[in-house]
>>> print(open('query39.tsv').read())   # TSV, C-alpha atoms
chain	number	residue	atom	x	y	z
A	1	MET	CA	-31.52	-90.10	7.48
A	2	ASN	CA	-30.17	-88.55	4.31
A	3	LYS	CA	-30.53	-91.20	1.61
A	4	ASN	CA	-28.95	-89.02	-1.05
A	5	ARG	CA	-25.33	-89.44	-0.05
A	6	GLY	CA	-24.70	-92.02	-2.75
A	7	VAL	CA	-23.75	-94.70	-0.24
A	8	ASN	CA	-25.05	-98.21	0.10
A	9	TRP	CA	-28.16	-98.72	2.15
A	10	GLN	CA	-28.65	-102.22	3.39
A	11	VAL	CA	-31.89	-103.96	4.14
A	12	VAL	CA	-31.80	-106.07	7.27
A	13	HIS	CA	-33.21	-109.45	6.31
A	14	ASN	CA	-36.14	-111.35	7.69
A	15	TYR	CA	-37.96	-108.26	8.81
A	16	PRO	CA	-41.36	-107.43	7.37
A	17	PRO	CA	-41.03	-104.50	4.93
A	18	GLU	CA	-42.50	-102.01	7.39
A	19	ARG	CA	-39.57	-102.75	9.73
A	20	TRP	CA	-36.82	-102.59	7.13
A	21	VAL	CA	-33.83	-100.66	8.37
A	22	TYR	CA	-31.48	-98.83	6.08
A	23	LEU	CA	-27.91	-98.82	7.32
A	24	ASP	CA	-25.35	-96.47	5.91
A	25	VAL	CA	-22.16	-98.51	5.50
A	26	GLN	CA	-19.98	-95.60	4.40
A	27	LYS	CA	-16.96	-95.56	6.75
A	28	ARG	CA	-16.54	-92.56	9.02
A	29	SER	CA	-13.32	-90.57	8.67
A	30	MET	CA	-10.96	-89.85	11.57
A	31	GLN	CA	-12.42	-86.33	11.69
A	32	GLU	CA	-15.97	-87.69	11.75
A	33	LEU	CA	-15.04	-90.05	14.60
A	34	GLY	CA	-14.15	-86.98	16.69
A	35	ARG	CA	-11.28	-88.59	18.56
A	36	LEU	CA	-9.39	-86.75	21.29
A	37	SER	CA	-5.79	-85.57	20.91
A	38	ALA	CA	-3.26	-87.12	23.33
A	39	GLU	CA	-3.41	-83.87	25.36
A	40	GLU	CA	-7.21	-83.83	25.41
A	41	PHE	CA	-7.18	-87.48	26.46
A	42	GLN	CA	-4.91	-86.76	29.40
A	43	LYS	CA	-7.25	-84.02	30.63
A	44	ALA	CA	-10.50	-85.90	29.90
A	45	PRO	CA	-12.47	-87.50	32.75
A	46	LYS	CA	-11.71	-91.21	32.90
A	47	TRP	CA	-13.74	-94.23	33.91
A	48	PRO	CA	-12.80	-95.52	37.41
A	49	LEU	CA	-11.10	-98.40	35.69
A	50	VAL	CA	-7.52	-99.62	36.02
A	51	LEU	CA	-5.44	-102.41	34.50
A	52	VAL	CA	-2.67	-104.15	36.45
A	53	LEU	CA	-0.20	-106.09	34.31
A	54	ASP	CA	1.34	-108.79	36.48
A	55	ASN	CA	4.60	-109.78	34.79
A	56	VAL	CA	3.30	-109.65	31.23
A	57	ARG	CA	6.23	-110.83	29.15
A	58	SER	CA	5.41	-109.67	25.63
A	59	LEU	CA	5.86	-106.01	24.75
A	60	SER	CA	3.40	-106.56	21.94
A	61	ASN	CA	0.72	-107.48	24.50
A	62	VAL	CA	1.63	-104.47	26.65
A	63	GLY	CA	1.19	-102.16	23.66
A	64	SER	CA	-2.07	-103.76	22.60
A	65	LEU	CA	-3.48	-103.38	26.13
A	66	MET	CA	-2.41	-99.71	26.12
A	67	ARG	CA	-4.30	-99.22	22.85
A	68	SER	CA	-7.45	-100.79	24.35
A	69	ALA	CA	-7.01	-98.76	27.56
A	70	ASP	CA	-7.01	-95.60	25.45
A	71	ALA	CA	-10.26	-96.59	23.73
A	72	PHE	CA	-12.06	-97.15	27.04
A	73	LEU	CA	-10.80	-94.17	29.05
A	74	VAL	CA	-8.82	-96.28	31.51
A	75	GLU	CA	-7.50	-94.19	34.40
A	76	CYS	CA	-4.12	-95.88	34.73
A	77	VAL	CA	-2.24	-99.00	33.66
A	78	TYR	CA	0.09	-100.45	36.31
A	79	LEU	CA	3.07	-102.18	34.70
A	80	CYS	CA	4.50	-104.58	37.28
A	81	GLY	CA	7.53	-106.81	37.69
A	82	ILE	CA	9.04	-107.94	34.40
A	83	THR	CA	6.38	-106.08	32.39
A	84	GLY	CA	8.15	-103.74	29.96
A	85	THR	CA	7.60	-99.98	30.13
A	86	PRO	CA	7.58	-97.18	27.53
A	87	PRO	CA	9.42	-95.84	25.75
A	88	HIS	CA	10.09	-99.00	23.74
A	89	ARG	CA	9.80	-99.51	20.01
A	90	ASP	CA	8.00	-102.86	20.42
A	91	ILE	CA	5.37	-101.31	22.71
A	92	THR	CA	4.81	-98.41	20.30
A	93	LYS	CA	4.35	-100.87	17.43
A	94	THR	CA	1.09	-102.24	18.91
A	95	ALA	CA	0.12	-99.24	21.07
A	96	ILE	CA	0.44	-96.98	17.99
A	97	GLY	CA	1.04	-94.05	20.33
A	98	ALA	CA	-1.51	-94.88	23.07
A	99	GLU	CA	1.46	-95.28	25.44
A	100	LYS	CA	1.68	-91.48	25.26
A	101	SER	CA	-1.99	-90.80	26.00
A	102	VAL	CA	-2.72	-93.41	28.69
A	103	ARG	CA	-1.30	-92.83	32.18
A	104	TRP	CA	0.90	-95.65	33.42
A	105	GLU	CA	2.86	-96.42	36.56
A	106	TYR	CA	5.58	-98.97	37.22
A	107	ARG	CA	5.66	-101.11	40.36
A	108	SER	CA	8.34	-103.73	40.93
A	109	GLU	CA	5.83	-105.87	42.83
A	110	THR	CA	2.30	-106.52	41.57
A	111	GLU	CA	1.19	-107.02	45.18
A	112	GLN	CA	2.11	-103.40	45.92
A	113	ALA	CA	-0.08	-102.11	43.09
A	114	ILE	CA	-3.00	-104.26	44.27
A	115	GLN	CA	-2.67	-103.02	47.84
A	116	GLU	CA	-2.52	-99.38	46.73
A	117	LEU	CA	-5.63	-99.83	44.62
A	118	LYS	CA	-7.55	-101.52	47.42
A	119	GLN	CA	-6.61	-98.64	49.72
A	120	GLN	CA	-8.02	-96.26	47.09
A	121	GLY	CA	-11.34	-98.12	47.12
A	122	PHE	CA	-10.90	-100.18	43.99
A	123	ARG	CA	-12.36	-103.65	43.74
A	124	VAL	CA	-9.49	-105.70	42.38
A	125	TRP	CA	-10.35	-108.65	40.16
A	126	ALA	CA	-7.83	-111.11	38.76
A	127	LEU	CA	-8.72	-112.33	35.28
A	128	GLU	CA	-8.12	-116.01	35.98
A	129	GLN	CA	-9.72	-119.42	35.87
A	130	THR	CA	-9.87	-120.35	39.55
A	131	HIS	CA	-12.08	-122.66	41.60
A	132	GLY	CA	-14.18	-119.73	42.76
A	133	SER	CA	-13.99	-117.44	39.74
A	134	ILE	CA	-17.12	-115.59	38.63
A	135	PRO	CA	-18.07	-115.95	34.94
A	136	LEU	CA	-17.61	-112.59	33.19
A	137	HIS	CA	-21.28	-112.46	32.08
A	138	GLU	CA	-22.44	-112.77	35.69
A	139	THR	CA	-20.41	-109.84	37.00
A	140	GLN	CA	-21.69	-106.44	38.10
A	141	LEU	CA	-18.69	-104.23	37.55
A	142	THR	CA	-19.84	-100.66	37.53
A	143	HIS	CA	-20.92	-100.13	41.14
A	144	GLN	CA	-17.39	-99.47	42.32
A	145	PRO	CA	-13.98	-98.47	40.93
A	146	THR	CA	-12.67	-101.57	39.19
A	147	ALA	CA	-9.19	-102.96	38.58
A	148	PHE	CA	-8.45	-105.98	36.40
A	149	VAL	CA	-5.21	-107.89	37.05
A	150	LEU	CA	-3.86	-109.59	33.93
A	151	GLY	CA	-1.18	-112.24	34.21
A	152	HIS	CA	1.87	-113.68	32.53
A	153	GLU	CA	1.32	-115.34	29.13
A	154	ILE	CA	2.10	-118.85	30.40
A	155	ASP	CA	1.76	-118.71	34.17
A	156	GLY	CA	-1.24	-116.37	34.44
A	157	VAL	CA	-1.70	-114.20	37.51
A	158	SER	CA	0.68	-115.35	40.26
A	159	GLN	CA	-0.84	-117.13	43.23
A	160	GLN	CA	0.65	-114.44	45.53
A	161	ALA	CA	-1.10	-111.67	43.58
A	162	LEU	CA	-4.33	-113.71	43.45
A	163	ALA	CA	-4.27	-114.01	47.23
A	164	LEU	CA	-4.57	-110.21	47.50
A	165	CYS	CA	-7.35	-109.79	44.96
A	166	ASP	CA	-11.01	-109.46	45.91
A	167	GLY	CA	-11.70	-112.43	43.69
A	168	ALA	CA	-11.23	-113.77	40.20
A	169	ILE	CA	-13.28	-113.28	37.04
A	170	GLU	CA	-13.23	-115.95	34.37
A	171	ILE	CA	-14.08	-115.68	30.68
A	172	PRO	CA	-16.11	-118.82	29.92
A	173	GLN	CA	-14.31	-120.84	27.26
A	174	PHE	CA	-15.48	-123.96	25.44
A	175	GLY	CA	-12.69	-124.99	23.10
A	176	SER	CA	-9.50	-127.01	23.16
A	177	LYS	CA	-6.99	-124.41	24.37
A	178	HIS	CA	-6.18	-123.52	27.97
A	179	SER	CA	-6.91	-119.82	27.67
A	180	LEU	CA	-7.14	-116.74	25.49
A	181	ASN	CA	-4.35	-114.34	24.63
A	182	VAL	CA	-3.86	-111.87	27.50
A	183	ALA	CA	-4.40	-108.76	25.34
A	184	VAL	CA	-7.61	-110.29	23.96
A	185	SER	CA	-8.83	-111.32	27.45
A	186	GLY	CA	-8.06	-107.85	28.75
A	187	GLY	CA	-9.97	-106.37	25.82
A	188	MET	CA	-13.00	-108.55	26.57
A	189	ALA	CA	-12.98	-107.50	30.24
A	190	LEU	CA	-12.69	-103.82	29.23
A	191	TRP	CA	-15.55	-104.24	26.77
A	192	GLU	CA	-17.71	-105.92	29.44
A	193	TYR	CA	-17.05	-102.99	31.78
A	194	ALA	CA	-17.82	-100.50	28.99
A	195	ARG	CA	-20.97	-102.40	28.00
A	196	GLN	CA	-22.28	-102.39	31.55
A	197	SER	CA	-21.48	-98.67	31.90
A	198	LEU	CA	-23.14	-97.77	28.59
A	199	SER	CA	-26.19	-99.92	29.36
A	200	HIS	CA	-26.66	-98.23	32.75
A	201	GLU	CA	-26.38	-94.80	31.13
A	202	SER	CA	-29.05	-95.43	28.51
B	1	MET	CA	-17.61	-125.40	49.34
B	2	ASN	CA	-14.62	-127.15	50.82
B	3	LYS	CA	-12.83	-124.60	52.95
B	4	ASN	CA	-10.10	-127.03	53.95
B	5	ARG	CA	-8.13	-127.01	50.73
B	6	GLY	CA	-5.53	-124.68	52.14
B	7	VAL	CA	-6.28	-122.03	49.56
B	8	ASN	CA	-6.99	-118.36	50.02
B	9	TRP	CA	-10.57	-117.32	50.63
B	10	GLN	CA	-11.34	-113.75	49.86
B	11	VAL	CA	-13.99	-111.58	51.40
B	12	VAL	CA	-15.73	-109.31	48.93
B	13	HIS	CA	-15.65	-105.83	50.43
B	14	ASN	CA	-18.47	-103.50	51.31
B	15	TYR	CA	-20.97	-106.27	51.85
B	16	PRO	CA	-22.60	-106.73	55.25
B	17	PRO	CA	-21.10	-109.80	56.98
B	18	GLU	CA	-24.16	-111.96	56.30
B	19	ARG	CA	-23.52	-111.49	52.55
B	20	TRP	CA	-19.78	-112.15	52.64
B	21	VAL	CA	-18.71	-114.35	49.80
B	22	TYR	CA	-15.69	-116.60	49.94
B	23	LEU	CA	-13.97	-116.97	46.62
B	24	ASP	CA	-11.46	-119.73	46.03
B	25	VAL	CA	-8.61	-118.15	44.08
B	26	GLN	CA	-6.69	-121.38	43.55
B	27	LYS	CA	-6.10	-121.68	39.80
B	28	ARG	CA	-7.75	-124.61	38.02
B	29	SER	CA	-5.44	-127.02	36.22
B	30	MET	CA	-5.79	-127.89	32.53
B	31	GLN	CA	-7.42	-131.17	33.61
B	32	GLU	CA	-9.84	-129.34	35.90
B	33	LEU	CA	-10.76	-126.99	33.06
B	34	GLY	CA	-11.96	-130.02	31.08
B	35	ARG	CA	-10.91	-128.72	27.69
B	36	LEU	CA	-11.62	-130.67	24.50
B	37	SER	CA	-8.92	-132.34	22.41
B	38	ALA	CA	-8.51	-131.04	18.85
B	39	GLU	CA	-10.43	-134.11	17.62
B	40	GLU	CA	-13.23	-133.64	20.15
B	41	PHE	CA	-13.42	-129.98	19.17
B	42	GLN	CA	-13.86	-130.83	15.51
B	43	LYS	CA	-16.79	-133.15	16.32
B	44	ALA	CA	-18.37	-130.89	18.95
B	45	PRO	CA	-21.50	-128.89	18.10
B	46	LYS	CA	-20.55	-125.32	17.28
B	47	TRP	CA	-22.29	-122.00	17.73
B	48	PRO	CA	-23.78	-120.67	14.45
B	49	LEU	CA	-20.99	-118.14	14.41
B	50	VAL	CA	-18.44	-117.41	11.70
B	51	LEU	CA	-15.53	-115.03	11.25
B	52	VAL	CA	-14.60	-113.59	7.85
B	53	LEU	CA	-11.09	-112.11	7.67
B	54	ASP	CA	-11.08	-109.54	4.87
B	55	ASN	CA	-7.44	-109.09	3.87
B	56	VAL	CA	-5.98	-109.23	7.38
B	57	ARG	CA	-2.30	-108.57	6.88
B	58	SER	CA	-0.68	-109.81	10.07
B	59	LEU	CA	-0.26	-113.53	10.63
B	60	SER	CA	-0.09	-112.79	14.32
B	61	ASN	CA	-3.63	-111.37	14.19
B	62	VAL	CA	-4.83	-114.37	12.16
B	63	GLY	CA	-3.45	-116.77	14.78
B	64	SER	CA	-4.88	-114.78	17.66
B	65	LEU	CA	-8.34	-114.77	16.05
B	66	MET	CA	-8.05	-118.55	15.54
B	67	ARG	CA	-7.29	-118.95	19.24
B	68	SER	CA	-10.37	-116.88	20.18
B	69	ALA	CA	-12.49	-118.77	17.62
B	70	ASP	CA	-11.50	-122.03	19.35
B	71	ALA	CA	-12.58	-120.70	22.76
B	72	PHE	CA	-16.03	-119.71	21.51
B	73	LEU	CA	-16.88	-122.73	19.34
B	74	VAL	CA	-16.81	-120.78	16.08
B	75	GLU	CA	-18.10	-122.86	13.17
B	76	CYS	CA	-15.63	-121.66	10.56
B	77	VAL	CA	-13.11	-118.88	9.91
B	78	TYR	CA	-13.02	-117.62	6.30
B	79	LEU	CA	-9.53	-116.40	5.39
B	80	CYS	CA	-9.89	-114.10	2.37
B	81	GLY	CA	-7.66	-112.30	-0.11
B	82	ILE	CA	-4.19	-111.56	1.25
B	83	THR	CA	-5.03	-113.13	4.64
B	84	GLY	CA	-2.41	-115.81	5.36
B	85	THR	CA	-3.44	-119.45	5.82
B	86	PRO	CA	-2.09	-122.34	7.91
B	87	PRO	CA	0.26	-124.02	8.05
B	88	HIS	CA	2.51	-121.10	8.91
B	89	ARG	CA	4.89	-120.74	11.84
B	90	ASP	CA	3.77	-117.16	12.53
B	91	ILE	CA	0.11	-118.21	12.71
B	92	THR	CA	0.93	-121.13	15.02
B	93	LYS	CA	2.87	-118.78	17.32
B	94	THR	CA	-0.30	-116.92	18.34
B	95	ALA	CA	-2.88	-119.63	17.56
B	96	ILE	CA	-0.88	-122.08	19.73
B	97	GLY	CA	-2.42	-124.95	17.76
B	98	ALA	CA	-5.99	-123.61	17.42
B	99	GLU	CA	-5.40	-123.49	13.67
B	100	LYS	CA	-5.63	-127.29	13.83
B	101	SER	CA	-8.88	-127.43	15.82
B	102	VAL	CA	-10.86	-124.61	14.18
B	103	ARG	CA	-12.27	-125.20	10.69
B	104	TRP	CA	-11.13	-122.63	8.15
B	105	GLU	CA	-11.71	-121.97	4.46
B	106	TYR	CA	-9.83	-119.79	2.01
B	107	ARG	CA	-11.60	-117.52	-0.49
B	108	SER	CA	-9.67	-115.27	-2.86
B	109	GLU	CA	-12.50	-112.71	-2.68
B	110	THR	CA	-14.12	-111.64	0.59
B	111	GLU	CA	-17.29	-110.81	-1.35
B	112	GLN	CA	-17.62	-114.47	-2.31
B	113	ALA	CA	-17.47	-115.60	1.32
B	114	ILE	CA	-20.10	-113.01	2.31
B	115	GLN	CA	-22.45	-114.08	-0.48
B	116	GLU	CA	-22.08	-117.78	0.44
B	117	LEU	CA	-22.85	-117.01	4.06
B	118	LYS	CA	-25.91	-114.92	3.20
B	119	GLN	CA	-27.17	-117.78	1.03
B	120	GLN	CA	-26.75	-120.07	4.05
B	121	GLY	CA	-28.92	-117.78	6.16
B	122	PHE	CA	-26.20	-115.96	8.08
B	123	ARG	CA	-26.62	-112.36	9.05
B	124	VAL	CA	-23.32	-110.80	8.01
B	125	TRP	CA	-22.04	-107.87	10.06
B	126	ALA	CA	-18.94	-105.86	9.26
B	127	LEU	CA	-17.07	-104.71	12.35
B	128	GLU	CA	-16.61	-101.12	11.23
B	129	GLN	CA	-17.23	-97.53	12.23
B	130	THR	CA	-19.70	-96.38	9.57
B	131	HIS	CA	-22.36	-93.68	9.41
B	132	GLY	CA	-25.08	-96.24	10.14
B	133	SER	CA	-23.21	-98.69	12.36
B	134	ILE	CA	-24.99	-100.15	15.39
B	135	PRO	CA	-23.12	-99.86	18.72
B	136	LEU	CA	-22.07	-103.34	19.89
B	137	HIS	CA	-23.99	-103.01	23.17
B	138	GLU	CA	-27.25	-102.36	21.30
B	139	THR	CA	-27.06	-105.48	19.12
B	140	GLN	CA	-29.19	-108.60	19.36
B	141	LEU	CA	-26.96	-111.23	17.86
B	142	THR	CA	-28.26	-114.62	18.83
B	143	HIS	CA	-31.55	-114.78	16.93
B	144	GLN	CA	-29.88	-115.87	13.71
B	145	PRO	CA	-26.61	-117.40	12.48
B	146	THR	CA	-24.05	-114.62	12.72
B	147	ALA	CA	-20.92	-113.74	10.76
B	148	PHE	CA	-18.49	-110.97	11.69
B	149	VAL	CA	-16.34	-109.49	8.92
B	150	LEU	CA	-13.00	-108.16	10.22
B	151	GLY	CA	-10.89	-105.92	8.06
B	152	HIS	CA	-7.35	-104.96	7.15
B	153	GLU	CA	-5.22	-103.43	9.94
B	154	ILE	CA	-5.04	-99.99	8.30
B	155	ASP	CA	-7.84	-99.89	5.75
B	156	GLY	CA	-10.52	-101.78	7.69
B	157	VAL	CA	-13.24	-103.70	5.87
B	158	SER	CA	-13.20	-102.74	2.18
B	159	GLN	CA	-16.07	-100.61	0.92
B	160	GLN	CA	-16.92	-103.36	-1.62
B	161	ALA	CA	-17.24	-105.97	1.13
B	162	LEU	CA	-19.21	-103.53	3.30
B	163	ALA	CA	-21.68	-103.02	0.46
B	164	LEU	CA	-22.60	-106.71	0.66
B	165	CYS	CA	-22.96	-106.89	4.44
B	166	ASP	CA	-26.31	-106.67	6.21
B	167	GLY	CA	-24.89	-103.75	8.16
B	168	ALA	CA	-22.02	-102.68	10.35
B	169	ILE	CA	-21.44	-103.05	14.08
B	170	GLU	CA	-19.23	-100.56	15.87
B	171	ILE	CA	-17.40	-100.90	19.17
B	172	PRO	CA	-17.92	-97.56	20.95
B	173	GLN	CA	-14.53	-95.95	21.58
B	174	PHE	CA	-13.73	-92.82	23.55
B	175	GLY	CA	-9.98	-92.31	23.32
B	176	SER	CA	-7.44	-90.74	21.02
B	177	LYS	CA	-6.79	-93.59	18.59
B	178	HIS	CA	-8.76	-94.37	15.43
B	179	SER	CA	-9.59	-97.96	16.33
B	180	LEU	CA	-8.71	-101.09	18.26
B	181	ASN	CA	-6.43	-103.90	17.14
B	182	VAL	CA	-8.35	-106.26	14.83
B	183	ALA	CA	-7.73	-109.37	16.96
B	184	VAL	CA	-8.91	-107.49	20.06
B	185	SER	CA	-12.00	-106.11	18.24
B	186	GLY	CA	-12.81	-109.59	16.96
B	187	GLY	CA	-12.42	-110.94	20.49
B	188	MET	CA	-14.83	-108.33	21.86
B	189	ALA	CA	-17.43	-109.17	19.21
B	190	LEU	CA	-17.04	-112.90	19.96
B	191	TRP	CA	-17.40	-112.21	23.67
B	192	GLU	CA	-20.53	-110.12	23.07
B	193	TYR	CA	-22.04	-112.99	21.06
B	194	ALA	CA	-21.06	-115.50	23.77
B	195	ARG	CA	-22.40	-113.24	26.53
B	196	GLN	CA	-25.75	-112.87	24.81
B	197	SER	CA	-25.93	-116.65	24.21
B	198	LEU	CA	-25.02	-117.48	27.81
B	199	SER	CA	-27.44	-114.88	29.19
B	200	HIS	CA	-30.31	-116.31	27.11
B	201	GLU	CA	-29.51	-119.82	28.27
B	202	SER	CA	-29.59	-118.97	31.96
>>> encode(input="query39.tsv", output="structure tokens")
Amino acid sequence: MNKNRGVNWQVVHNYPPERWVYLDVQKRSMQELGRLSAEEFQKAPKWPLVLVLDNVRSLSNVGSLMRSADAFLVECVYLCGITGTPPHRDITKTAIGAEKSVRWEYRSETEQAIQELKQQGFRVWALEQTHGSIPLHETQLTHQPTAFVLGHEIDGVSQQALALCDGAIEIPQFGSKHSLNVAVSGGMALWEYARQSLSHES
Amino acid sequence: MNKNRGVNWQVVHNYPPERWVYLDVQKRSMQELGRLSAEEFQKAPKWPLVLVLDNVRSLSNVGSLMRSADAFLVECVYLCGITGTPPHRDITKTAIGAEKSVRWEYRSETEQAIQELKQQGFRVWALEQTHGSIPLHETQLTHQPTAFVLGHEIDGVSQQALALCDGAIEIPQFGSKHSLNVAVSGGMALWEYARQSLSHES
């Protein structure tokens, strides 16, 4: 590593000196991050990973999920039922343009999207706290194309949609509130999929 | 498992019949989830896990991070600089009351919070894309008390705060946008900490 860049090098604590690690904390620029353009993104190979938004009420959550879908090369986001669709100013506000890079489809019924995905060989998981839900850290997600169904802010994934899913995945939670925000939950599920993919690669 | 509850039992596909798994997709009620009250939460043992919000502009992000902090038994959330503090209607809107269960502290300078935490034995990680940042899936977080520093929506963690951190952790991203939403990033880091803790336990 080039230690002459005039940046701060941090010593990780509690290591013996021979194991000290110097970490360059200078932020990388947009150019250094090497991000794709919207056009490049559309042509780039995606992960076999899909989001299904089952009547997500808030356009802010829709946009935020689009932004996360962009980061993790999601193949398609299905916007279902009352879920708002682009173009919409309130989606753009949180998607910051990812609604133009990420492919999306609208279905009036969530059940239809789930059935299509199952026919295409996707394993369809509802993100829900059910009696038989699998804790997120016990999942094995990367063996098969994967779809996550995310539900309404108050009501969660509808029982009719749940009935069509291959099962439910639950994010273990230990606090006082019923559940996490849907855009945050979706982000955690996407990260878990990405983590498992990246760990298998290395 | 009681198969007579009149709920839907799903067969996980592509398994030979002897390995079929029946998953109960009936949602669990708030009572069945066994959540803590705000008072119980305050007395409950926490994970040695702290969030530091370095000039987070949006009250909606502050509230959302409070809600996630509640779910993962975060010890304290440091609200620093321009970061808004409860009580505030816009924080409550996304925290849905978690701002009353989760302990928080205000510091006018983020650097002060970081120094206090380092003195208390925390390893302080900025969530940032830097030249020396460690990918989130390559971290080992649970050996030591851990603090995540989350930055401003546009500017990220300030270079002055970064200079005091033990290093930076980066969420690998593959799309067209510069970064993820700060509340979503924070949620992913919390989940990664929780995942590692839960995996070590089992």
>>> axis_aligned_box(input="query39.tsv", around="stretch 188-195 of chain B", padding_each_side="4 Å", output="AutoDock Vina command-line options")
--center_x -18.6 --center_y -111.9 --center_z 22.9 --size_x 15.6 --size_y 15.2 --size_z 15.3
>>> residues_around(input="query39.tsv", residues="stretch 64-75 of chain B", least_positions_apart="3", cutoff="6 Å", atoms="all atoms listed in the file", output="PyMOL selection string")
(chain A and resi 173-175) or (chain B and resi 46-47+49-50+61+94-95+98-99+102+183)
>>> atom_distance(input="query39.tsv", atom1="atom CA of B:Phe148", atom2="atom CA of A:His178")
24.0 Å
>>> atom_distance(input="query39.tsv", atom1="atom CA of A:Gly186", atom2="atom CA of A:Glu170")
11.1 Å
>>> closest_residue(input="query39.tsv", among="A:Leu180, A:Pro135, A:Trp125, A:Ser185", to="B:Gly63", atoms="only C-alpha atoms")
A:Leu180
>>> closest_atom_pairs(input="query39.tsv", of="stretch 120-190 of chain A", to="stretch 26-34 of chain B", cutoff="6 Å", atoms="all atoms listed in the file", output="CSV")
residue,atom,partner,partner_atom,distance
A:Gln129,CA,B:Lys27,CA,5.8
A:Thr130,CA,B:Lys27,CA,4.0
A:His131,CA,B:Gln26,CA,5.9
>>> atom_distance(input="query39.tsv", atom1="atom CA of B:Glu153", atom2="atom CA of B:Ser179")
9.5 Å
>>> closest_residue(input="query39.tsv", among="B:Arg35, B:Arg57, B:Lys43, B:His88", to="chain A", atoms="only C-alpha atoms")
B:Arg35
>>> closest_residue(input="query39.tsv", among="A:Val184, A:Ile171, A:Leu117, A:Ala189", to="chain B", atoms="all atoms listed in the file")
A:Val184
>>> closest_residue(input="query39.tsv", among="B:Ile154, B:Gly97, B:Ser108, B:Leu53", to="chain A", atoms="only C-alpha atoms")
B:Gly97
>>> closest_residue(input="query39.tsv", among="A:His200, A:Gly151, A:Ser176, A:Lys118", to="B:Glu39", atoms="all atoms listed in the file")
A:Ser176
>>> residues_around(input="query39.tsv", residues="A:Gln196", least_positions_apart="2", cutoff="10 Å", atoms="all atoms listed in the file", output="mmCIF file with C-alpha atoms, in the frame of the given file")
data_model
loop_
_atom_site.group_PDB
_atom_site.id
_atom_site.type_symbol
_atom_site.label_atom_id
_atom_site.label_comp_id
_atom_site.auth_asym_id
_atom_site.auth_seq_id
_atom_site.Cartn_x
_atom_site.Cartn_y
_atom_site.Cartn_z
ATOM 1 C CA THR A 139 -20.410 -109.840 37.000
ATOM 2 C CA GLN A 140 -21.690 -106.440 38.100
ATOM 3 C CA LEU A 141 -18.690 -104.230 37.550
ATOM 4 C CA THR A 142 -19.840 -100.660 37.530
ATOM 5 C CA HIS A 143 -20.920 -100.130 41.140
ATOM 6 C CA LEU A 190 -12.690 -103.820 29.230
ATOM 7 C CA TRP A 191 -15.550 -104.240 26.770
ATOM 8 C CA GLU A 192 -17.710 -105.920 29.440
ATOM 9 C CA TYR A 193 -17.050 -102.990 31.780
ATOM 10 C CA ALA A 194 -17.820 -100.500 28.990
ATOM 11 C CA LEU A 198 -23.140 -97.770 28.590
ATOM 12 C CA SER A 199 -26.190 -99.920 29.360
ATOM 13 C CA HIS A 200 -26.660 -98.230 32.750
ATOM 14 C CA GLU A 201 -26.380 -94.800 31.130
ATOM 15 C CA HIS B 137 -23.990 -103.010 23.170
#
>>> residues_around(input="query39.tsv", residues="A:Ile169", least_positions_apart="4", cutoff="6 Å", atoms="only C-alpha atoms", output="number ranges by chain")
A: 127-128, 133-136
>>> build_atoms(input="query39.tsv", residues="stretch 166-175 of chain A", atoms="N, CA and C atoms", output="compact mmCIF listing (two decimals), in the frame of the given file")
# COMPACT_ATOMS: atom_id res chain seq x y z
N ASP A 166 -9.69 -109.26 45.32
CA ASP A 166 -11.01 -109.46 45.91
C ASP A 166 -11.67 -110.72 45.37
N GLY A 167 -11.15 -111.22 44.30
CA GLY A 167 -11.70 -112.43 43.69
C GLY A 167 -11.20 -112.53 42.27
N ALA A 168 -11.65 -113.57 41.58
CA ALA A 168 -11.23 -113.77 40.20
C ALA A 168 -12.45 -113.77 39.29
N ILE A 169 -12.26 -113.24 38.09
CA ILE A 169 -13.28 -113.28 37.04
C ILE A 169 -12.74 -114.15 35.93
N GLU A 170 -13.62 -114.99 35.41
CA GLU A 170 -13.23 -115.95 34.37
C GLU A 170 -14.04 -115.70 33.11
N ILE A 171 -13.36 -115.74 31.97
CA ILE A 171 -14.08 -115.68 30.68
C ILE A 171 -14.44 -117.12 30.32
N PRO A 172 -15.74 -117.45 30.26
CA PRO A 172 -16.11 -118.82 29.92
C PRO A 172 -15.54 -119.23 28.56
N GLN A 173 -14.93 -120.38 28.49
CA GLN A 173 -14.31 -120.84 27.26
C GLN A 173 -14.67 -122.30 27.02
N PHE A 174 -14.88 -122.67 25.75
CA PHE A 174 -15.48 -123.96 25.44
C PHE A 174 -14.65 -124.79 24.48
N GLY A 175 -13.45 -124.33 24.15
CA GLY A 175 -12.69 -124.99 23.10
C GLY A 175 -11.63 -125.95 23.61
